[in-house]
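File shown here: run_37.pdb, holding PDB, C-alpha atoms.
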```pdb
ATOM      1  CA  MET L   1     391.533 -73.377  73.299  1.00  0.00           C
ATOM      2  CA  PRO L   2     390.045 -74.284  69.885  1.00  0.00           C
ATOM      3  CA  ALA L   3     386.323 -73.945  69.462  1.00  0.00           C
ATOM      4  CA  PRO L   4     384.489 -77.240  69.490  1.00  0.00           C
ATOM      5  CA  THR L   5     383.464 -78.287  66.027  1.00  0.00           C
ATOM      6  CA  ALA L   6     380.218 -79.927  65.266  1.00  0.00           C
ATOM      7  CA  PRO L   7     380.529 -83.285  63.598  1.00  0.00           C
ATOM      8  CA  ARG L   8     379.912 -83.058  59.859  1.00  0.00           C
ATOM      9  CA  PRO L   9     377.215 -85.301  58.526  1.00  0.00           C
ATOM     10  CA  ARG L  10     378.631 -88.087  56.384  1.00  0.00           C
ATOM     11  CA  LEU L  11     377.085 -88.942  53.075  1.00  0.00           C
ATOM     12  CA  PRO L  12     376.301 -92.581  52.519  1.00  0.00           C
ATOM     13  CA  HIS L  13     378.757 -94.390  50.232  1.00  0.00           C
ATOM     14  CA  ALA L  14     376.211 -94.438  47.404  1.00  0.00           C
ATOM     15  CA  ALA L  15     375.899 -90.643  47.321  1.00  0.00           C
ATOM     16  CA  PRO L  16     378.910 -89.803  45.069  1.00  0.00           C
ATOM     17  CA  PRO L  17     377.883 -92.246  42.307  1.00  0.00           C
ATOM     18  CA  LEU L  18     374.305 -91.031  42.606  1.00  0.00           C
ATOM     19  CA  LEU L  19     375.430 -87.408  42.207  1.00  0.00           C
ATOM     20  CA  LEU L  20     377.427 -88.365  39.112  1.00  0.00           C
ATOM     21  CA  LEU L  21     374.444 -90.194  37.663  1.00  0.00           C
ATOM     22  CA  LEU L  22     372.136 -87.233  38.275  1.00  0.00           C
ATOM     23  CA  THR L  23     374.643 -84.877  36.637  1.00  0.00           C
ATOM     24  CA  ALA L  24     374.884 -87.149  33.580  1.00  0.00           C
ATOM     25  CA  LEU L  25     371.102 -87.427  33.378  1.00  0.00           C
ATOM     26  CA  ALA L  26     370.661 -83.645  33.595  1.00  0.00           C
ATOM     27  CA  THR L  27     373.267 -83.175  30.855  1.00  0.00           C
ATOM     28  CA  ALA L  28     371.586 -85.737  28.593  1.00  0.00           C
ATOM     29  CA  LEU L  29     368.182 -84.132  29.057  1.00  0.00           C
ATOM     30  CA  ALA L  30     369.597 -80.681  28.353  1.00  0.00           C
ATOM     31  CA  CYS L  31     371.029 -81.955  25.065  1.00  0.00           C
ATOM     32  CA  GLN L  32     367.791 -83.619  24.058  1.00  0.00           C
ATOM     33  CA  HIS L  33     365.849 -80.381  24.324  1.00  0.00           C
ATOM     34  CA  LEU L  34     368.268 -77.993  22.617  1.00  0.00           C
ATOM     35  CA  TRP L  35     366.132 -78.038  19.490  1.00  0.00           C
ATOM     36  CA  THR L  36     362.482 -77.660  20.180  1.00  0.00           C
ATOM     37  CA  PRO L  37     359.855 -78.639  17.599  1.00  0.00           C
ATOM     38  CA  ASP L  38     359.331 -74.966  16.746  1.00  0.00           C
ATOM     39  CA  ASP L  39     363.069 -74.241  16.326  1.00  0.00           C
ATOM     40  CA  THR L  40     363.710 -73.060  12.784  1.00  0.00           C
ATOM     41  CA  PHE L  41     367.511 -73.384  12.754  1.00  0.00           C
ATOM     42  CA  PRO L  42     367.975 -75.893   9.922  1.00  0.00           C
ATOM     43  CA  ALA L  43     365.385 -74.143   7.723  1.00  0.00           C
ATOM     44  CA  ASP L  44     366.874 -70.702   8.442  1.00  0.00           C
ATOM     45  CA  ALA L  45     370.386 -71.978   7.780  1.00  0.00           C
ATOM     46  CA  LEU L  46     369.292 -73.495   4.458  1.00  0.00           C
ATOM     47  CA  ARG L  47     367.714 -70.165   3.455  1.00  0.00           C
ATOM     48  CA  LEU L  48     370.898 -68.284   4.368  1.00  0.00           C
ATOM     49  CA  LEU L  49     372.980 -70.782   2.433  1.00  0.00           C
ATOM     50  CA  ARG L  50     370.809 -70.163  -0.626  1.00  0.00           C
ATOM     51  CA  ASP L  51     370.929 -66.376  -0.132  1.00  0.00           C
ATOM     52  CA  MET L  52     374.709 -66.237   0.109  1.00  0.00           C
ATOM     53  CA  ALA L  53     375.196 -67.716  -3.385  1.00  0.00           C
ATOM     54  CA  PRO L  54     376.249 -65.203  -6.017  1.00  0.00           C
ATOM     55  CA  SER L  55     373.586 -64.401  -8.588  1.00  0.00           C
ATOM     56  CA  HIS L  56     376.015 -65.057 -11.443  1.00  0.00           C
ATOM     57  CA  ALA L  57     376.825 -68.640 -10.543  1.00  0.00           C
ATOM     58  CA  GLN L  58     377.924 -70.525 -13.615  1.00  0.00           C
ATOM     59  CA  PRO L  59     377.623 -74.257 -14.083  1.00  0.00           C
ATOM     60  CA  CYS L  60     380.972 -75.934 -13.687  1.00  0.00           C
ATOM     61  CA  HIS L  61     382.359 -79.399 -13.965  1.00  0.00           C
ATOM     62  CA  LEU L  62     384.858 -80.466 -11.362  1.00  0.00           C
ATOM     63  CA  GLN L  63     386.553 -83.792 -11.002  1.00  0.00           C
ATOM     64  CA  GLN L  64     385.755 -85.983  -8.025  1.00  0.00           C
ATOM     65  CA  PRO L  65     383.726 -83.703  -5.770  1.00  0.00           C
ATOM     66  CA  PRO L  66     383.025 -85.163  -2.323  1.00  0.00           C
ATOM     67  CA  PHE L  67     379.482 -86.239  -1.642  1.00  0.00           C
ATOM     68  CA  PHE L  68     377.747 -86.480   1.701  1.00  0.00           C
ATOM     69  CA  PRO L  69     378.306 -90.096   2.831  1.00  0.00           C
ATOM     70  CA  ASP L  70     375.377 -92.478   2.579  1.00  0.00           C
ATOM     71  CA  ALA L  71     376.635 -94.117   5.769  1.00  0.00           C
ATOM     72  CA  LEU L  72     375.633 -90.947   7.628  1.00  0.00           C
ATOM     73  CA  ARG L  73     372.225 -90.658   6.002  1.00  0.00           C
ATOM     74  CA  HIS L  74     371.043 -94.052   7.258  1.00  0.00           C
ATOM     75  CA  ASN L  75     372.359 -94.285  10.782  1.00  0.00           C
ATOM     76  CA  ASN L  76     370.387 -95.495  13.765  1.00  0.00           C
ATOM     77  CA  LEU L  77     371.766 -93.330  16.539  1.00  0.00           C
ATOM     78  CA  HIS L  78     370.434 -92.847  20.027  1.00  0.00           C
ATOM     79  CA  PRO L  79     369.773 -89.204  21.065  1.00  0.00           C
ATOM     80  CA  GLN L  80     373.174 -88.649  22.733  1.00  0.00           C
ATOM     81  CA  GLN L  81     375.014 -89.989  19.665  1.00  0.00           C
ATOM     82  CA  ALA L  82     372.865 -87.824  17.399  1.00  0.00           C
ATOM     83  CA  ALA L  83     373.789 -84.769  19.478  1.00  0.00           C
ATOM     84  CA  ALA L  84     377.499 -85.630  19.224  1.00  0.00           C
ATOM     85  CA  ALA L  85     377.230 -86.112  15.448  1.00  0.00           C
ATOM     86  CA  ALA L  86     375.313 -82.821  15.132  1.00  0.00           C
ATOM     87  CA  LEU L  87     377.990 -80.992  17.119  1.00  0.00           C
ATOM     88  CA  ARG L  88     380.776 -82.423  14.958  1.00  0.00           C
ATOM     89  CA  ILE L  89     378.957 -81.425  11.738  1.00  0.00           C
ATOM     90  CA  LEU L  90     378.314 -77.924  13.085  1.00  0.00           C
ATOM     91  CA  GLN L  91     381.979 -77.505  14.068  1.00  0.00           C
ATOM     92  CA  HIS L  92     383.227 -78.652  10.680  1.00  0.00           C
ATOM     93  CA  LEU L  93     380.708 -76.518   8.799  1.00  0.00           C
ATOM     94  CA  PHE L  94     381.716 -73.475  10.815  1.00  0.00           C
ATOM     95  CA  HIS L  95     385.415 -74.127  10.232  1.00  0.00           C
ATOM     96  CA  THR L  96     384.950 -74.727   6.487  1.00  0.00           C
ATOM     97  CA  LEU L  97     382.585 -71.826   5.826  1.00  0.00           C
ATOM     98  CA  SER L  98     384.646 -69.335   7.834  1.00  0.00           C
ATOM     99  CA  ASP L  99     387.704 -69.901   5.609  1.00  0.00           C
ATOM    100  CA  ASN L 100     389.164 -66.564   4.452  1.00  0.00           C
ATOM    101  CA  SER L 101     388.968 -67.547   0.798  1.00  0.00           C
ATOM    102  CA  THR L 102     385.140 -67.627   0.959  1.00  0.00           C
ATOM    103  CA  ARG L 103     384.808 -63.872   1.473  1.00  0.00           C
ATOM    104  CA  HIS L 104     384.965 -62.924  -2.214  1.00  0.00           C
ATOM    105  CA  HIS L 105     382.749 -65.801  -3.413  1.00  0.00           C
ATOM    106  CA  TRP L 106     379.591 -65.262  -1.376  1.00  0.00           C
ATOM    107  CA  HIS L 107     377.303 -62.431  -0.284  1.00  0.00           C
ATOM    108  CA  THR L 108     378.616 -61.110   3.018  1.00  0.00           C
ATOM    109  CA  GLN L 109     375.505 -60.581   5.161  1.00  0.00           C
ATOM    110  CA  PRO L 110     373.846 -64.002   4.719  1.00  0.00           C
ATOM    111  CA  HIS L 111     377.278 -65.634   5.063  1.00  0.00           C
ATOM    112  CA  ASN L 112     377.921 -63.835   8.377  1.00  0.00           C
ATOM    113  CA  ASP L 113     374.392 -64.613   9.602  1.00  0.00           C
ATOM    114  CA  LEU L 114     374.904 -68.306   8.835  1.00  0.00           C
ATOM    115  CA  LEU L 115     378.243 -68.357  10.673  1.00  0.00           C
ATOM    116  CA  ASN L 116     376.576 -66.686  13.681  1.00  0.00           C
ATOM    117  CA  GLN L 117     373.822 -69.307  13.723  1.00  0.00           C
ATOM    118  CA  LEU L 118     376.331 -72.146  13.477  1.00  0.00           C
ATOM    119  CA  GLN L 119     378.403 -70.670  16.299  1.00  0.00           C
ATOM    120  CA  HIS L 120     375.310 -70.174  18.451  1.00  0.00           C
ATOM    121  CA  HIS L 121     374.287 -73.822  18.166  1.00  0.00           C
ATOM    122  CA  ILE L 122     377.853 -75.036  18.711  1.00  0.00           C
ATOM    123  CA  HIS L 123     378.007 -72.939  21.882  1.00  0.00           C
ATOM    124  CA  HIS L 124     374.793 -74.554  23.180  1.00  0.00           C
ATOM    125  CA  LEU L 125     375.727 -78.128  22.272  1.00  0.00           C
ATOM    126  CA  GLU L 126     379.330 -78.180  23.532  1.00  0.00           C
ATOM    127  CA  PRO L 127     378.544 -78.173  27.280  1.00  0.00           C
ATOM    128  CA  CYS L 128     376.263 -81.176  26.814  1.00  0.00           C
ATOM    129  CA  LEU L 129     378.898 -83.296  25.150  1.00  0.00           C
ATOM    130  CA  ARG L 130     382.148 -82.959  27.045  1.00  0.00           C
ATOM    131  CA  ASN L 131     383.235 -86.522  26.258  1.00  0.00           C
ATOM    132  CA  SER L 132     381.386 -87.453  23.082  1.00  0.00           C
ATOM    133  CA  THR L 133     384.149 -89.670  21.679  1.00  0.00           C
ATOM    134  CA  THR L 134     383.194 -92.505  24.029  1.00  0.00           C
ATOM    135  CA  LEU L 135     379.687 -92.635  22.533  1.00  0.00           C
ATOM    136  CA  PHE L 136     380.889 -94.275  19.330  1.00  0.00           C
ATOM    137  CA  LYS L 137     382.685 -97.584  19.272  1.00  0.00           C
ATOM    138  CA  GLY L 138     383.255-100.167  16.595  1.00  0.00           C
ATOM    139  CA  PRO L 139     384.181-100.167  12.925  1.00  0.00           C
ATOM    140  CA  ARG L 140     381.422 -97.769  11.790  1.00  0.00           C
ATOM    141  CA  ASN L 141     382.355 -94.778  13.904  1.00  0.00           C
ATOM    142  CA  THR L 142     380.112 -91.902  12.853  1.00  0.00           C
ATOM    143  CA  LEU L 143     382.480 -89.180  14.106  1.00  0.00           C
ATOM    144  CA  LEU L 144     385.351 -90.616  12.061  1.00  0.00           C
ATOM    145  CA  THR L 145     383.127 -90.695   8.971  1.00  0.00           C
ATOM    146  CA  ILE L 146     382.204 -87.029   9.522  1.00  0.00           C
ATOM    147  CA  ASN L 147     385.862 -86.068  10.014  1.00  0.00           C
ATOM    148  CA  LYS L 148     386.889 -87.885   6.816  1.00  0.00           C
ATOM    149  CA  TYR L 149     384.084 -86.255   4.828  1.00  0.00           C
ATOM    150  CA  PHE L 150     385.131 -82.739   5.836  1.00  0.00           C
ATOM    151  CA  ARG L 151     388.813 -83.585   5.257  1.00  0.00           C
ATOM    152  CA  ASP L 152     387.823 -84.619   1.725  1.00  0.00           C
ATOM    153  CA  ILE L 153     386.073 -81.269   1.282  1.00  0.00           C
ATOM    154  CA  GLN L 154     389.274 -79.442   2.290  1.00  0.00           C
ATOM    155  CA  ARG L 155     391.310 -81.541  -0.174  1.00  0.00           C
ATOM    156  CA  PHE L 156     388.723 -80.873  -2.880  1.00  0.00           C
ATOM    157  CA  LEU L 157     388.997 -77.110  -2.324  1.00  0.00           C
ATOM    158  CA  GLN L 158     392.795 -77.255  -2.425  1.00  0.00           C
ATOM    159  CA  ALA L 159     392.819 -79.393  -5.576  1.00  0.00           C
ATOM    160  CA  ASN L 160     390.577 -76.826  -7.274  1.00  0.00           C
ATOM    161  CA  ASN L 161     392.516 -73.801  -5.967  1.00  0.00           C
ATOM    162  CA  HIS L 162     389.563 -72.606  -3.856  1.00  0.00           C
ATOM    163  CA  SER L 163     387.838 -71.513  -7.076  1.00  0.00           C
ATOM    164  CA  ALA L 164     384.351 -70.000  -7.126  1.00  0.00           C
ATOM    165  CA  CYS L 165     383.109 -73.199  -8.742  1.00  0.00           C
ATOM    166  CA  ALA L 166     384.623 -75.357  -5.979  1.00  0.00           C
ATOM    167  CA  TRP L 167     383.115 -73.135  -3.301  1.00  0.00           C
ATOM    168  CA  ASP L 168     379.718 -73.375  -4.964  1.00  0.00           C
ATOM    169  CA  HIS L 169     379.976 -77.154  -4.765  1.00  0.00           C
ATOM    170  CA  VAL L 170     380.938 -76.852  -1.083  1.00  0.00           C
ATOM    171  CA  ARG L 171     377.821 -74.736  -0.560  1.00  0.00           C
ATOM    172  CA  ILE L 172     375.755 -77.554  -2.078  1.00  0.00           C
ATOM    173  CA  GLU L 173     377.477 -80.059   0.223  1.00  0.00           C
ATOM    174  CA  ALA L 174     376.812 -77.771   3.201  1.00  0.00           C
ATOM    175  CA  ARG L 175     373.142 -77.940   2.221  1.00  0.00           C
ATOM    176  CA  ALA L 176     373.274 -81.765   2.411  1.00  0.00           C
ATOM    177  CA  SER L 177     374.978 -81.511   5.812  1.00  0.00           C
ATOM    178  CA  LEU L 178     372.278 -79.168   7.107  1.00  0.00           C
ATOM    179  CA  GLN L 179     369.545 -81.470   5.852  1.00  0.00           C
ATOM    180  CA  HIS L 180     371.192 -84.345   7.709  1.00  0.00           C
ATOM    181  CA  LEU L 181     371.488 -82.093  10.752  1.00  0.00           C
ATOM    182  CA  HIS L 182     367.713 -81.646  10.604  1.00  0.00           C
ATOM    183  CA  ASN L 183     367.310 -85.453  10.782  1.00  0.00           C
ATOM    184  CA  LEU L 184     369.735 -85.614  13.707  1.00  0.00           C
ATOM    185  CA  THR L 185     367.738 -83.001  15.623  1.00  0.00           C
ATOM    186  CA  ARG L 186     364.617 -85.142  15.237  1.00  0.00           C
ATOM    187  CA  THR L 187     366.566 -88.081  16.701  1.00  0.00           C
ATOM    188  CA  MET L 188     367.758 -85.877  19.574  1.00  0.00           C
ATOM    189  CA  ARG L 189     364.155 -85.100  20.534  1.00  0.00           C
ATOM    190  CA  ARG L 190     363.264 -88.762  21.139  1.00  0.00           C
TER
END
```
Write out the structure in this file as structure tokens.
Amino acid sequence: MPAPTAPRPRLPHAAPPLLLLLTALATALACQHLWTPDDTFPADALRLLRDMAPSHAQPCHLQQPPFFPDALRHNNLHPQQAAAAALRILQHLFHTLSDNSTRHHWHTQPHNDLLNQLQHHIHHLEPCLRNSTTLFKGPRNTLLTINKYFRDIQRFLQANNHSACAWDHVRIEARASLQHLHNLTRTMRR
């Protein structure tokens, strides 16, 4: 004879949506506080970017280098959108700066340290933003602008045969990206 089972308590119908809401709220709050006011990531990354430049950098003149888009500099994003934009910039920076052709253009240790920092912050931001594509709608999609900008950087490198001069320009553009990232982190803290 089967053992009598105790009736399981039933959750009210509002419980599943409430649990989903609490999970979303916890995720949003976790993303907001990834960068604390005393976090030195952008400043450290900028220092490493400067340190990885070769000491014999020569001025060069390249045709049509990409420039960090003004549309990204002056964007009014809410904290969750800022976190998604920051993640996308970090991912693209990591992908671009870890290209094999960079190895002989930059000093190894600061370059590796910068890649480690980028990867660390990507690792912490990714769980917060599982579905960040739904945060941006309309004709001025920030994530699409970021994707296009980094695609233009890849085309620029290819057009200039990944030369030392082209990589130095990419380093300057990475600096602009990191400065924008600093602004995004301030938005994330709101």
Open item on the list: Please compute the CA of Ala82 (chain L)-CA of Cys128 (chain L) distance, one decimal, in Å.
Closed with: 12.0 Å
Task: Test item: the PyMOL selection byres ((chain L and resi 157) around 12) resolved as a PyMOL selection string - done: chain L and resi 62-66+96-97+99+101-102+150-156+158-171
Task: Point-to-point distance from CA of His182 (chain L) to CA of Pro54 (chain L), Å rounded to tenths - done: 24.9 Å
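Counting only C-alpha atoms and comparing L:Leu48, L:Leu72, L:Cys60, L:Leu114, the residue that lies closest to Ala85 (chain L) is L:Leu72.
Put simply, CA of Ile172 (chain L) is 9.5 Å away from CA of Phe67 (chain L).
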Open item on the list: Considering all atoms listed in the file, can you say which of L:Ala45, L:Ala83, L:Ala174, L:Ala53 comes closest to Arg186 (chain L)?
Closed with: L:Ala83
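Every protein, DNA or RNA residue with an atom at most 8 Å from region 120-122 of chain L, where all atoms listed in the file count and chain neighbours fewer than 5 positions away do not, is listed here: Leu87, Leu90 and Gln91 of chain L.
Counting all atoms listed in the file and comparing L:His78, L:Phe68, L:Thr142, L:Leu115, the residue that lies closest to His180 (chain L) is L:Phe68.
Nearest residue to Gln117 (chain L) among L:Leu184, L:Ala84, L:Leu77, L:Ala43 is L:Ala43, counting only C-alpha atoms.
Remark: for Gln119 (chain L), the closest of the candidate residues L:Ser177, L:His107, L:Ile89, L:Lys148 is L:Ile89 (distances computed over all atoms listed in the file).
Minimum atom-to-atom distance to Met188 (chain L), evaluated using only C-alpha atoms, belongs to L:Gln80 out of L:Leu144, L:Leu93, L:Pro110, L:Gln80.
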